[in-house]
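Listing of final-v3.csv, CSV, C-alpha atoms and all ligand atoms
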chain,number,residue,atom,x,y,z
T,6,MET,CA,8.7,-18.4,13.8
T,7,PHE,CA,6.1,-16.0,15.1
T,8,VAL,CA,5.0,-12.5,14.6
T,9,GLU,CA,3.2,-10.6,17.3
T,10,CYS,CA,2.0,-7.0,16.8
T,11,LYS,CA,-1.1,-5.0,17.3
T,12,LYS,CA,-0.7,-3.2,14.0
T,13,ILE,CA,-0.9,-6.3,11.9
T,14,PRO,CA,-4.2,-8.1,12.3
T,15,ILE,CA,-4.5,-11.9,12.6
T,16,PHE,CA,-5.4,-12.4,8.9
T,17,ALA,CA,-2.2,-10.7,7.8
T,18,CYS,CA,-0.2,-12.8,10.3
T,19,LEU,CA,-1.7,-15.9,8.7
T,20,ILE,CA,-0.6,-14.7,5.3
T,21,PHE,CA,2.8,-14.1,6.8
T,22,SER,CA,3.2,-17.8,7.5
T,23,MET,CA,1.7,-18.8,4.1
T,24,SER,CA,4.1,-16.6,2.1
T,25,ARG,CA,7.2,-18.0,3.7
T,26,THR,CA,8.3,-19.8,0.6
T,27,ARG,CA,8.7,-16.5,-1.3
T,28,ASP,CA,11.7,-14.5,-0.6
T,29,THR,CA,11.2,-11.3,-2.7
T,30,TYR,CA,9.5,-9.5,0.2
T,31,THR,CA,11.8,-10.4,3.0
T,32,ILE,CA,14.7,-8.8,4.8
T,33,PRO,CA,17.6,-11.4,5.1
T,34,LEU,CA,18.2,-10.8,8.7
T,35,GLN,CA,20.8,-13.5,9.1
T,36,SER,CA,23.0,-12.7,6.1
T,37,LEU,CA,22.7,-9.0,6.9
T,38,LYS,CA,25.8,-8.5,9.1
T,39,GLU,CA,25.1,-5.0,10.4
T,40,GLY,CA,24.0,-1.6,9.4
T,41,VAL,CA,21.5,-0.7,6.7
T,42,PHE,CA,19.4,-2.6,4.3
T,43,ASP,CA,17.9,-0.4,1.6
T,44,GLU,CA,15.8,-1.7,-1.2
T,45,VAL,CA,13.0,-0.7,-3.5
T,46,LEU,CA,10.4,-3.4,-3.8
T,47,GLU,CA,8.0,-3.5,-6.8
T,48,ILE,CA,4.5,-4.5,-6.0
T,49,GLY,CA,2.5,-5.6,-9.0
T,50,LYS,CA,-0.2,-8.0,-10.0
T,51,GLU,CA,1.7,-11.0,-8.8
T,52,PHE,CA,1.7,-9.7,-5.2
T,53,ILE,CA,-1.9,-8.8,-5.4
T,54,GLU,CA,-2.9,-12.3,-6.5
T,55,ALA,CA,-0.6,-14.1,-4.1
T,56,GLN,CA,-2.0,-12.1,-1.2
T,57,LYS,CA,-5.6,-12.4,-2.4
T,58,MET,CA,-6.3,-8.7,-2.0
T,59,GLU,CA,-10.0,-8.3,-2.2
T,60,GLY,CA,-11.2,-5.5,-4.4
T,61,VAL,CA,-7.7,-4.8,-5.8
T,62,PHE,CA,-7.2,-5.9,-9.4
T,63,ASP,CA,-3.7,-4.7,-10.1
T,64,ALA,CA,-0.9,-2.6,-8.6
T,65,ASP,CA,2.0,-0.5,-9.7
T,66,VAL,CA,3.6,0.5,-6.4
T,67,HIS,CA,7.1,1.1,-5.3
T,68,ALA,CA,7.9,0.4,-1.6
T,69,LYS,CA,11.1,1.9,-0.3
T,70,VAL,CA,12.3,-0.3,2.5
T,71,HIS,CA,14.8,1.2,4.9
T,72,PHE,CA,16.0,-1.3,7.6
T,73,VAL,CA,18.6,-0.6,10.2
T,74,LYS,CA,20.0,-3.7,12.0
T,75,GLN,CA,21.2,-3.2,15.5
T,76,LYS,CA,21.9,-5.6,18.3
T,77,ASN,CA,18.5,-6.4,19.6
T,78,LEU,CA,16.3,-3.6,18.3
T,79,HIS,CA,16.0,-2.9,14.6
T,80,THR,CA,14.2,-0.1,12.9
T,81,LEU,CA,12.1,-0.5,9.8
T,82,SER,CA,10.6,2.2,7.7
T,83,ILE,CA,8.6,1.7,4.5
T,84,VAL,CA,7.5,4.5,2.2
T,85,MET,CA,5.0,3.4,-0.4
T,86,LYS,CA,3.9,5.2,-3.5
T,87,GLY,CA,2.1,4.2,-6.7
T,88,THR,CA,-1.3,3.2,-8.0
T,89,ILE,CA,-3.6,0.3,-7.4
T,90,SER,CA,-6.5,-0.7,-9.7
T,91,VAL,CA,-9.9,-0.7,-7.9
T,92,ALA,CA,-13.5,-0.3,-9.0
T,93,CYS,CA,-14.9,3.2,-8.9
T,94,ASP,CA,-17.8,3.6,-6.4
T,95,ARG,CA,-19.5,6.0,-8.7
T,96,CYS,CA,-19.4,4.2,-12.1
T,97,LEU,CA,-18.0,0.8,-11.2
T,98,ASP,CA,-15.2,1.1,-13.8
T,99,VAL,CA,-11.8,-0.1,-12.7
T,100,PHE,CA,-9.3,2.8,-12.5
T,101,ALA,CA,-5.8,3.5,-11.2
T,102,LEU,CA,-6.1,5.0,-7.7
T,103,PRO,CA,-3.0,6.8,-6.5
T,104,ILE,CA,-1.8,5.7,-3.1
T,105,GLU,CA,0.8,7.0,-0.7
T,106,MET,CA,1.7,5.6,2.7
T,107,SER,CA,4.5,5.4,5.1
T,108,GLN,CA,5.1,3.5,8.2
T,109,ASP,CA,7.9,3.4,10.8
T,110,MET,CA,8.3,0.3,12.9
T,111,VAL,CA,10.5,-1.2,15.5
T,112,VAL,CA,11.6,-4.8,15.2
T,113,LYS,CA,12.4,-6.3,18.5
T,114,VAL,CA,14.2,-9.6,19.1
T,115,GLY,CA,12.4,-11.2,22.0
T,116,GLU,CA,10.1,-13.9,23.2
T,117,LYS,CA,6.5,-14.5,22.0
T,118,ASN,CA,5.1,-13.1,25.2
T,119,ASP,CA,7.3,-10.0,25.1
T,120,GLU,CA,5.7,-7.1,26.8
T,121,LEU,CA,6.1,-5.0,23.6
T,122,ALA,CA,4.3,-7.6,21.5
T,123,ASP,CA,1.0,-5.7,21.9
T,124,ALA,CA,2.5,-2.3,21.3
T,125,GLU,CA,1.6,-0.4,18.1
T,126,ASN,CA,4.2,-0.5,15.3
T,127,VAL,CA,6.3,-3.1,17.1
T,128,ILE,CA,7.1,-6.4,15.5
T,129,VAL,CA,8.6,-9.0,17.9
T,130,ILE,CA,10.6,-11.7,16.2
T,131,ALA,CA,12.2,-14.8,17.7
T,132,PRO,CA,15.9,-14.8,18.4
T,133,ASP,CA,16.5,-17.6,15.9
T,134,GLU,CA,14.6,-15.8,13.1
T,135,THR,CA,16.7,-15.6,9.9
T,136,GLU,CA,14.5,-13.2,8.0
T,137,ILE,CA,11.7,-10.7,8.3
T,138,GLY,CA,8.7,-11.2,6.0
T,139,LEU,CA,7.4,-7.9,4.6
T,140,SER,CA,4.3,-9.2,2.8
T,141,PRO,CA,1.9,-8.8,5.6
T,142,ILE,CA,3.1,-5.3,6.3
T,143,LEU,CA,2.9,-4.3,2.7
T,144,TYR,CA,-0.5,-5.9,2.5
T,145,GLU,CA,-1.7,-3.9,5.5
T,146,MET,CA,-0.3,-0.7,4.2
T,147,ILE,CA,-2.0,-1.0,0.9
T,148,MET,CA,-5.3,-1.9,2.5
T,149,LEU,CA,-5.1,1.1,4.9
T,150,SER,CA,-4.3,3.4,2.0
T,151,ILE,CA,-7.6,2.7,0.2
T,152,PRO,CA,-10.1,5.5,1.1
T,153,LEU,CA,-13.7,4.6,2.2
T,154,LYS,CA,-15.0,6.2,-1.0
T,155,LYS,CA,-12.9,5.5,-4.0
T,156,VAL,CA,-13.9,7.3,-7.1
T,157,HIS,CA,-12.3,8.6,-10.3
T,158,PRO,CA,-10.4,11.8,-9.3
T,159,ASN,CA,-12.1,13.5,-12.2
T,160,GLU,CA,-15.8,13.0,-12.3
T,161,LYS,CA,-15.7,13.4,-16.1
T,162,ASP,CA,-13.6,10.2,-16.3
T,163,CYS,CA,-16.5,8.2,-14.9
T,164,ASN,CA,-18.4,6.0,-17.2
T,165,ALA,CA,-21.3,8.3,-18.1
T,166,ASP,CA,-23.7,5.5,-19.3
T,167,VAL,CA,-23.4,3.6,-16.0
T,168,VAL,CA,-23.7,6.8,-13.9
T,169,SER,CA,-26.9,7.9,-15.6
T,170,TYR,CA,-28.3,4.3,-15.5
T,171,LEU,CA,-27.6,4.1,-11.7
T,172,LYS,CA,-29.1,7.6,-11.2
T,173,GLN,CA,-32.2,6.6,-13.1
T,174,SER,CA,-32.8,3.4,-11.2
T,175,ALA,CA,-32.1,5.3,-7.9
T,176,ASN,CA,-34.8,7.8,-8.8
T,177,LYS,CA,-37.2,5.1,-9.7
T,178,LYS,CA,-36.6,3.5,-6.4
T,179,THR,CA,-37.3,6.7,-4.5
T,180,LYS,CA,-40.5,7.4,-6.5
T,181,GLN,CA,-41.7,3.9,-5.6
T,182,GLU,CA,-40.8,4.4,-1.9
T,183,THR,CA,-42.5,7.8,-1.7
T,184,THR,CA,-45.9,6.5,-3.0
T,185,ASP,CA,-48.4,6.9,-0.2
T,186,PRO,CA,-49.9,3.4,0.6
T,187,ARG,CA,-53.2,5.1,1.5
T,188,TRP,CA,-53.6,6.3,-2.0
T,189,ASP,CA,-52.9,2.8,-3.3
T,190,SER,CA,-55.7,1.4,-1.3
T,191,LEU,CA,-58.1,4.2,-2.5
T,192,LYS,CA,-57.0,3.5,-6.1
T,193,ASN,CA,-57.8,-0.2,-5.6
T,194,MET,CA,-61.2,0.7,-4.2
T,195,PHE,CA,-62.1,2.7,-7.3
T,196,LYS,CA,-60.8,-0.1,-9.5
T,197,ASN,CA,-63.3,-2.5,-7.8
T,201,ZN,ZN,-15.9,6.5,-11.9
Once you've parsed the file, please lay out its structure as structure tokens.
Amino acid sequence: MFVECKKIPIFACLIFSMSRTRDTYTIPLQSLKEGVFDEVLEIGKEFIEAQKMEGVFDADVHAKVHFVKQKNLHTLSIVMKGTISVACDRCLDVFALPIEMSQDMVVKVGEKNDELADAENVIVIAPDETEIGLSPILYEMIMLSIPLKKVHPNEKDCNADVVSYLKQSANKKTKQETTDPRWDSLKNMFKN
């Protein structure tokens, strides 16, 4: 069993092999005779904890999985929508961040050193593979959907006490930094 693709980083591939015992987030390739596999997967706290998603505390996400099985080349598209609980960068409170993400992929049956293995959005699976694990893909999609700056959509929802405290301590810091060291030494001279 192996998974080779540029889109999925090594850490996700490792999780792939670790999550093999779970079958909630898999496409049963072998039992799926032909045609289409459509399913809506629920991503909640259990998934977040199992995947050890750093900085994500909870999730309420639906992932629509559309898989078309063909002879040697399958197509997989996932549309994800919902909210994940993360800490606000402005006030540190945990809030529900809306996320939306979609990804189209090609699943190719081939060997480990397949020329397509390095291509983007291509997953190469072994010919004897019986299922396709979706956990690393879902993990990656959630992580990619988190913006660099994650804050309460409405600033008024931020924790006012924390915001004013952080502002105060930031001001204090700038004041300290803007003190001219030459004045400090003069002051010390007078003191003596
Ligand atoms: Zn906030």
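Between CA of Met58 (chain T) and CA of Glu134 (chain T) the interatomic distance comes to 26.7 Å.
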Check your understanding: Could you pull the residues within 7 Å of region 39-53 of chain T, counting all atoms listed in the file, minus those fewer than 4 positions along the same chain, as a list in words?
Key ->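 With the cut-off at 7 Å, the set is Lys57, Met58, Asp63, Ala64, Asp65, Val66, His67, Ala68, Lys69, Val70, His71, Phe72, Val73, Lys74 and Gln75 of chain T.
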Point to revise | Exercise answer, 7 Å around ligand ZN 201 (chain T) with only C-alpha atoms and all ligand atoms, as a ChimeraX atom specification | key: /T:93-98,156-157,160,162-164
Exercise for review: Can you work out which one of T:Tyr30, T:Phe100, T:Phe62, T:Tyr170 has the shortest atom-to-atom distance to Ile142 (chain T), counting all atoms listed in the file?
Suggested key: T:Tyr30
Practice item. Just give me the gap between CA of Asp123 (chain T) and CA of Ser107 (chain T) in Å, one decimal is fine. Key: 20.4 Å
Point to revise | Atomic distance CA of Thr135 (chain T) - CA of Leu34 (chain T), expressed in Å with one decimal | key: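 Atom-to-atom, CA of Thr135 (chain T) to CA of Leu34 (chain T), that is 5.2 Å.
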Point to revise | Pick from T:Val129, T:Asn118, T:Ala92, T:Ile104, whichever lies nearest to His79 (chain T) using all atoms listed in the file | key: T:Val129
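Checking T:Ser82, T:Glu136, T:Val91, T:Ile130 one by one against Met110 (chain T), counting all atoms listed in the file, you find the shortest gap at T:Ser82.
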Review point. Counting only C-alpha atoms, what is within 10 Å of region 114-116 of chain T, bar same-chain residues fewer than 2 positions away, as a ChimeraX atom specification?
Key: /T:7,9,76-79,111-112,118-122,128-134
How would the residues just picked look written out with C-alpha atoms as an mmCIF file, in the coordinates of the input?
data_model
loop_
_atom_site.group_PDB
_atom_site.id
_atom_site.type_symbol
_atom_site.label_atom_id
_atom_site.label_comp_id
_atom_site.auth_asym_id
_atom_site.auth_seq_id
_atom_site.Cartn_x
_atom_site.Cartn_y
_atom_site.Cartn_z
ATOM 1 C CA PHE T 7 6.100 -16.000 15.100
ATOM 2 C CA GLU T 9 3.200 -10.600 17.300
ATOM 3 C CA LYS T 76 21.900 -5.600 18.300
ATOM 4 C CA ASN T 77 18.500 -6.400 19.600
ATOM 5 C CA LEU T 78 16.300 -3.600 18.300
ATOM 6 C CA HIS T 79 16.000 -2.900 14.600
ATOM 7 C CA VAL T 111 10.500 -1.200 15.500
ATOM 8 C CA VAL T 112 11.600 -4.800 15.200
ATOM 9 C CA ASN T 118 5.100 -13.100 25.200
ATOM 10 C CA ASP T 119 7.300 -10.000 25.100
ATOM 11 C CA GLU T 120 5.700 -7.100 26.800
ATOM 12 C CA LEU T 121 6.100 -5.000 23.600
ATOM 13 C CA ALA T 122 4.300 -7.600 21.500
ATOM 14 C CA ILE T 128 7.100 -6.400 15.500
ATOM 15 C CA VAL T 129 8.600 -9.000 17.900
ATOM 16 C CA ILE T 130 10.600 -11.700 16.200
ATOM 17 C CA ALA T 131 12.200 -14.800 17.700
ATOM 18 C CA PRO T 132 15.900 -14.800 18.400
ATOM 19 C CA ASP T 133 16.500 -17.600 15.900
ATOM 20 C CA GLU T 134 14.600 -15.800 13.100
#
